[in-house]
Amino acid sequence: MTAVLGESVARALCDDWGSTAPRRPRRPTDTPLRELSQWAATLRPEHIPCRVLKLAASQVLSQAASIRAGLQHPLGRRLVAAFGHPMQRDPRTAAGVFAALGSWLNLDDTAYAGHLSNSTVAVPLAFAYTRRLDGLSLLTAVVAANECAARITASATLGPLRGQSAVHTHLAGAVAGRLHCDRAPAALFENAFGLAFAMPNWPLMRAFLASDARLFNTFTPVRTAMDACDAAYAGLRGAPDIVEHEDGFLARFATVPLPQAVAKGLGRRWHTDTLSFKMHPGGPGIDAAVDCAAEIHRELGGLRPEDVAEVVVEASLYTLFAGERAARYVNGPGSPLGALVLDVPYPVATTLLTGEFTVDDFSSPHLDDPARWALARRVRLEHDTEMTRELFLSDAPFGEAVREAGDRAVPWLRGFGGDELVDLLGPLSADDRDFSRAAKATGARVTVRLTDGRTVSRTRLIPVGAAGPETRVRHADLVREKFLSVGGPHEVSDSVDRLHRMRPGALRRWIEAAFLD
């Protein structure tokens with residue numbers, strides 16, 4: 001598609017929010033992966049609703065902010081020393097560096113299901129730049145990658161790996177992102193997917209939490225996906241039933257396999273609609289707690305640790321689960337970053353003292369501040385059953401998978417939260433929702449009890465930037481704020497709403513301005 005045609009299609013799209021991709025009738029011999037490959041290979045801009053393209057544009061800018069933040073951190077600079085700057089000639093290596101830089105500070109965007117952007121934005125950025133694609137082609141590749149990665153991740157959501165540890169997300173996102181940029185045929189998608197999932201990555205939590213290996217949680221699967229694409233181009237074949245076969249991916253990676261999620265509602269049900277934009281670094285539940293702490297800081301002004309008797313953070317089981325795993329490794333300024341980004345007390349204490357929480361707070365001198373750690377020791381977590389219920393009633397990160405599984409989800413729920421969780425949720429069943437009103441309710445309530453007897457409390461059910469009605473209206477403004485907060489140039493943030501109209505030369509200059517200042 002030429003740049004001129006791309007611009008005319010984009011303008012037409014913004015007048016027609018109801019476009020859907022044509023659906024190929026399913027043959028009895030189709031596997032979910034074959035159906036997904038056919039759909040992804042034939043996806044074109046005119047098939048995508050305008051609201052979804054706009055979300056993808058915000059996603060690109062948001063992930064650009066995450067990559068910039070990674071570049072600025074000392075560990076990010078070491079990664080670049082080892083593998084080169086992401087703006088390099090080889091798009092395969094560039095894709096891996098983009099992916100790694102944007103992921104490990106937990107500033108990457110999420111969806112139902114998975115931490116998508118580390119591959120679904122990183123890989124199209126690298127290949128659109130070197131292949132000299134236009135902006136609409138970039139956005140279409142991002143959407144194609146989102147849909148493929150989210151669906152395959154959703155099929156294994158009720159399993160032992162979740163969130164950033166579900167690194168198989170990036171096998172799918174990287175394959176789809178690259179091959180859509182290449183305009184590859186469906187057979188190449190199918191073989192590359194099959195080869196990539198032949199030996200899917202499984203992170204060890206000890207390394208994930210206690211070492212710098214977290215930097216590889218997306219770098220490694222993206223590199224694997226690039227090799228799979230190269231092999232598919234050379235004629236190697238993958239197993240088309242690798243997802244659902246009794247000796248395949250879901251048999252090892254899912255407690256409750258959901259193979260039907262891979263191709264459900266293609267062209268009608270857009271997982272990109274479920275995007276949540278990360279406004280603060282950190283893991284599950286930190287966002288809402290930090291939002292609440294920032295509101296309390298604005299009311300109380302500058303606090304000192306000695307002014308505070310205790311801080312109580314009430315949250316869902318999901319937040320408590322991640323926080324408890326991280327707490328084993330967090331013991332002050334020397335704590336490993338892999339655990340620190342999942343910790344709740346440190347970011348809440350920092351925000352109460354300073355009014356904000358940024359990536360700079362994960363490095364010296366901020367990380368060495370004794371006042372922050374003194375207040376962090378006064379922070380404790382408590383379970384809020386209603387927040388857990390709202391978490392599972394929302395679409396992301398688990399709710400839709402639990403509904404899809406129905407009664408089969410009960411053993412997984414029992415393993416996650418015991419009989420209490422099963423009783424709390426009651427019977428759930430699949431529906432035909434299209435995600436246009438998706439929500440991610442990872443809420444928190446922060447209560448500060450002061451030594452002078454006062455108590456201040458704030459509650460937020462959907463964090464700022466998370467999927468929900470507020471984000472659907474404000475996502476463009478939110479991600480501009482995020483990009484500027486990490487030193488991104490105004491010329492990039494101010495032009496993102498024209499991304500779909502950029503010709504190849506303009507897109508290359510836009511990408512260079514985002515990362516080469």
# chains A, B, ... in the order shown; residues from 1 in each chain; ligands from 1
$ residues_around --residues "segment 377-390 of chain A" --least-positions-apart "4" --cutoff "7 Å" --atoms "only C-alpha atoms" --output "PDB file with N, CA and C atoms, in the first residue's frame"
ATOM      1  N   GLU A 310       1.297   4.254  60.843  1.00  0.00           N
ATOM      2  CA  GLU A 310       1.286   3.100  59.954  1.00  0.00           C
ATOM      3  C   GLU A 310       0.579   3.474  58.653  1.00  0.00           C
ATOM      4  N   VAL A 311       0.867   2.690  57.627  1.00  0.00           N
ATOM      5  CA  VAL A 311       0.195   2.814  56.332  1.00  0.00           C
ATOM      6  C   VAL A 311      -0.359   1.444  55.988  1.00  0.00           C
ATOM      7  N   VAL A 312      -1.645   1.375  55.707  1.00  0.00           N
ATOM      8  CA  VAL A 312      -2.286   0.116  55.344  1.00  0.00           C
ATOM      9  C   VAL A 312      -2.694   0.185  53.873  1.00  0.00           C
ATOM     10  N   VAL A 313      -2.258  -0.784  53.091  1.00  0.00           N
ATOM     11  CA  VAL A 313      -2.644  -0.894  51.684  1.00  0.00           C
ATOM     12  C   VAL A 313      -3.543  -2.112  51.557  1.00  0.00           C
ATOM     13  N   GLU A 314      -4.811  -1.881  51.258  1.00  0.00           N
ATOM     14  CA  GLU A 314      -5.754  -2.975  51.016  1.00  0.00           C
ATOM     15  C   GLU A 314      -5.866  -3.185  49.517  1.00  0.00           C
ATOM     16  N   ALA A 315      -5.787  -4.443  49.095  1.00  0.00           N
ATOM     17  CA  ALA A 315      -5.765  -4.740  47.662  1.00  0.00           C
ATOM     18  C   ALA A 315      -6.261  -6.161  47.435  1.00  0.00           C
ATOM     19  N   SER A 316      -6.290  -6.546  46.168  1.00  0.00           N
ATOM     20  CA  SER A 316      -6.767  -7.879  45.795  1.00  0.00           C
ATOM     21  C   SER A 316      -5.706  -8.942  46.070  1.00  0.00           C
ATOM     22  N   LEU A 317      -6.116 -10.192  45.959  1.00  0.00           N
ATOM     23  CA  LEU A 317      -5.186 -11.311  46.119  1.00  0.00           C
ATOM     24  C   LEU A 317      -4.028 -11.229  45.136  1.00  0.00           C
ATOM     25  N   LEU A 320      -1.421  -8.939  46.522  1.00  0.00           N
ATOM     26  CA  LEU A 320      -0.784  -9.576  47.680  1.00  0.00           C
ATOM     27  C   LEU A 320       0.132 -10.709  47.273  1.00  0.00           C
ATOM     28  N   PRO A 345       5.476  -1.682  49.415  1.00  0.00           N
ATOM     29  CA  PRO A 345       5.807  -0.666  50.429  1.00  0.00           C
ATOM     30  C   PRO A 345       6.731   0.431  49.931  1.00  0.00           C
ATOM     31  N   TRP A 373      12.910   4.176  53.238  1.00  0.00           N
ATOM     32  CA  TRP A 373      12.900   2.829  53.790  1.00  0.00           C
ATOM     33  C   TRP A 373      12.329   2.816  55.203  1.00  0.00           C
ATOM     34  N   SER A 394     -13.752  -8.114  36.144  1.00  0.00           N
ATOM     35  CA  SER A 394     -13.262  -7.329  35.009  1.00  0.00           C
ATOM     36  C   SER A 394     -12.641  -8.273  33.980  1.00  0.00           C
ATOM     37  N   LEU A 424     -16.491 -16.790  46.698  1.00  0.00           N
ATOM     38  CA  LEU A 424     -16.647 -15.360  46.464  1.00  0.00           C
ATOM     39  C   LEU A 424     -17.157 -15.064  45.060  1.00  0.00           C
ATOM     40  N   LEU A 425     -16.642 -15.794  44.080  1.00  0.00           N
ATOM     41  CA  LEU A 425     -16.981 -15.505  42.682  1.00  0.00           C
ATOM     42  C   LEU A 425     -18.282 -16.148  42.259  1.00  0.00           C
ATOM     43  N   ALA A 441      -9.697  -3.952  36.766  1.00  0.00           N
ATOM     44  CA  ALA A 441      -9.920  -3.431  38.121  1.00  0.00           C
ATOM     45  C   ALA A 441      -8.868  -3.987  39.077  1.00  0.00           C
ATOM     46  N   GLY A 443      -7.491  -2.704  41.883  1.00  0.00           N
ATOM     47  CA  GLY A 443      -7.660  -1.571  42.789  1.00  0.00           C
ATOM     48  C   GLY A 443      -6.820  -1.629  44.044  1.00  0.00           C
TER      49      GLY A 443
END
$ residues_around --residues "Ile242 of chain A" --least-positions-apart "4" --cutoff "9 Å" --atoms "only C-alpha atoms" --output "JSON, numbers by chain"
{"A": [33, 193, 194, 195, 197, 198, 238, 246, 247, 248, 249, 250]}
$ closest_residue --among "A:Ser495, A:Asn118, A:Thr447, A:Asn191" --to "Pro221 of chain A" --atoms "only C-alpha atoms"
A:Asn118
$ select_by_dssp --residues "segment 91-309 of chain A" --states "alpha helix (DSSP H)" --output "PyMOL selection string"
chain A and resi 91-103+117-120+122-131+135-155+169-181+186-196+205-210+216-233+249-253+286-300
$ closest_residue --among "A:Val402, A:Ala69, A:Ala506, A:Ala196" --to "Ser485 of chain A" --atoms "only C-alpha atoms"
A:Ala69
$ atom_distance --atom1 "atom CA of Glu356 of chain A" --atom2 "atom CA of Phe216 of chain A"
27.9 Å
$ decode --residues "segment 88-101 of chain A" --atoms "N, CA, C and O atoms" --output "PDB file, in the first residue's frame"
ATOM      1  N   GLN A  88      19.844   0.407  15.253  1.00  0.00           N
ATOM      2  CA  GLN A  88      20.959  -0.204  14.540  1.00  0.00           C
ATOM      3  C   GLN A  88      20.445  -0.833  13.258  1.00  0.00           C
ATOM      4  O   GLN A  88      19.242  -0.963  13.039  1.00  0.00           O
ATOM      5  N   ARG A  89      21.369  -1.251  12.404  1.00  0.00           N
ATOM      6  CA  ARG A  89      20.992  -1.711  11.068  1.00  0.00           C
ATOM      7  C   ARG A  89      20.236  -3.030  11.060  1.00  0.00           C
ATOM      8  O   ARG A  89      19.341  -3.239  10.247  1.00  0.00           O
ATOM      9  N   ASP A  90      20.622  -3.953  11.917  1.00  0.00           N
ATOM     10  CA  ASP A  90      19.987  -5.265  11.919  1.00  0.00           C
ATOM     11  C   ASP A  90      18.679  -5.198  12.701  1.00  0.00           C
ATOM     12  O   ASP A  90      18.686  -5.074  13.926  1.00  0.00           O
ATOM     13  N   PRO A  91      17.535  -5.274  12.042  1.00  0.00           N
ATOM     14  CA  PRO A  91      16.266  -5.121  12.770  1.00  0.00           C
ATOM     15  C   PRO A  91      16.005  -6.255  13.749  1.00  0.00           C
ATOM     16  O   PRO A  91      15.273  -6.077  14.719  1.00  0.00           O
ATOM     17  N   ARG A  92      16.586  -7.434  13.498  1.00  0.00           N
ATOM     18  CA  ARG A  92      16.360  -8.558  14.417  1.00  0.00           C
ATOM     19  C   ARG A  92      16.997  -8.282  15.774  1.00  0.00           C
ATOM     20  O   ARG A  92      16.389  -8.498  16.821  1.00  0.00           O
ATOM     21  N   THR A  93      18.240  -7.799  15.762  1.00  0.00           N
ATOM     22  CA  THR A  93      18.887  -7.456  17.032  1.00  0.00           C
ATOM     23  C   THR A  93      18.250  -6.213  17.644  1.00  0.00           C
ATOM     24  O   THR A  93      18.043  -6.145  18.861  1.00  0.00           O
ATOM     25  N   ALA A  94      17.932  -5.240  16.796  1.00  0.00           N
ATOM     26  CA  ALA A  94      17.279  -4.025  17.294  1.00  0.00           C
ATOM     27  C   ALA A  94      15.973  -4.359  18.008  1.00  0.00           C
ATOM     28  O   ALA A  94      15.653  -3.787  19.060  1.00  0.00           O
ATOM     29  N   ALA A  95      15.218  -5.310  17.451  1.00  0.00           N
ATOM     30  CA  ALA A  95      13.945  -5.700  18.053  1.00  0.00           C
ATOM     31  C   ALA A  95      14.160  -6.249  19.458  1.00  0.00           C
ATOM     32  O   ALA A  95      13.412  -5.931  20.393  1.00  0.00           O
ATOM     33  N   GLY A  96      15.186  -7.069  19.639  1.00  0.00           N
ATOM     34  CA  GLY A  96      15.472  -7.621  20.955  1.00  0.00           C
ATOM     35  C   GLY A  96      15.866  -6.557  21.955  1.00  0.00           C
ATOM     36  O   GLY A  96      15.443  -6.592  23.124  1.00  0.00           O
ATOM     37  N   VAL A  97      16.673  -5.587  21.525  1.00  0.00           N
ATOM     38  CA  VAL A  97      17.103  -4.515  22.429  1.00  0.00           C
ATOM     39  C   VAL A  97      15.921  -3.612  22.776  1.00  0.00           C
ATOM     40  O   VAL A  97      15.734  -3.241  23.944  1.00  0.00           O
ATOM     41  N   PHE A  98      15.119  -3.257  21.790  1.00  0.00           N
ATOM     42  CA  PHE A  98      13.901  -2.490  22.061  1.00  0.00           C
ATOM     43  C   PHE A  98      13.037  -3.215  23.100  1.00  0.00           C
ATOM     44  O   PHE A  98      12.517  -2.613  24.049  1.00  0.00           O
ATOM     45  N   ALA A  99      12.871  -4.525  22.904  1.00  0.00           N
ATOM     46  CA  ALA A  99      12.024  -5.314  23.797  1.00  0.00           C
ATOM     47  C   ALA A  99      12.556  -5.311  25.222  1.00  0.00           C
ATOM     48  O   ALA A  99      11.813  -5.114  26.184  1.00  0.00           O
ATOM     49  N   ALA A 100      13.854  -5.533  25.360  1.00  0.00           N
ATOM     50  CA  ALA A 100      14.455  -5.608  26.697  1.00  0.00           C
ATOM     51  C   ALA A 100      14.385  -4.265  27.414  1.00  0.00           C
ATOM     52  O   ALA A 100      14.039  -4.199  28.598  1.00  0.00           O
ATOM     53  N   LEU A 101      14.710  -3.203  26.719  1.00  0.00           N
ATOM     54  CA  LEU A 101      14.731  -1.881  27.352  1.00  0.00           C
ATOM     55  C   LEU A 101      13.352  -1.464  27.849  1.00  0.00           C
ATOM     56  O   LEU A 101      13.224  -0.766  28.859  1.00  0.00           O
TER      57      LEU A 101
END
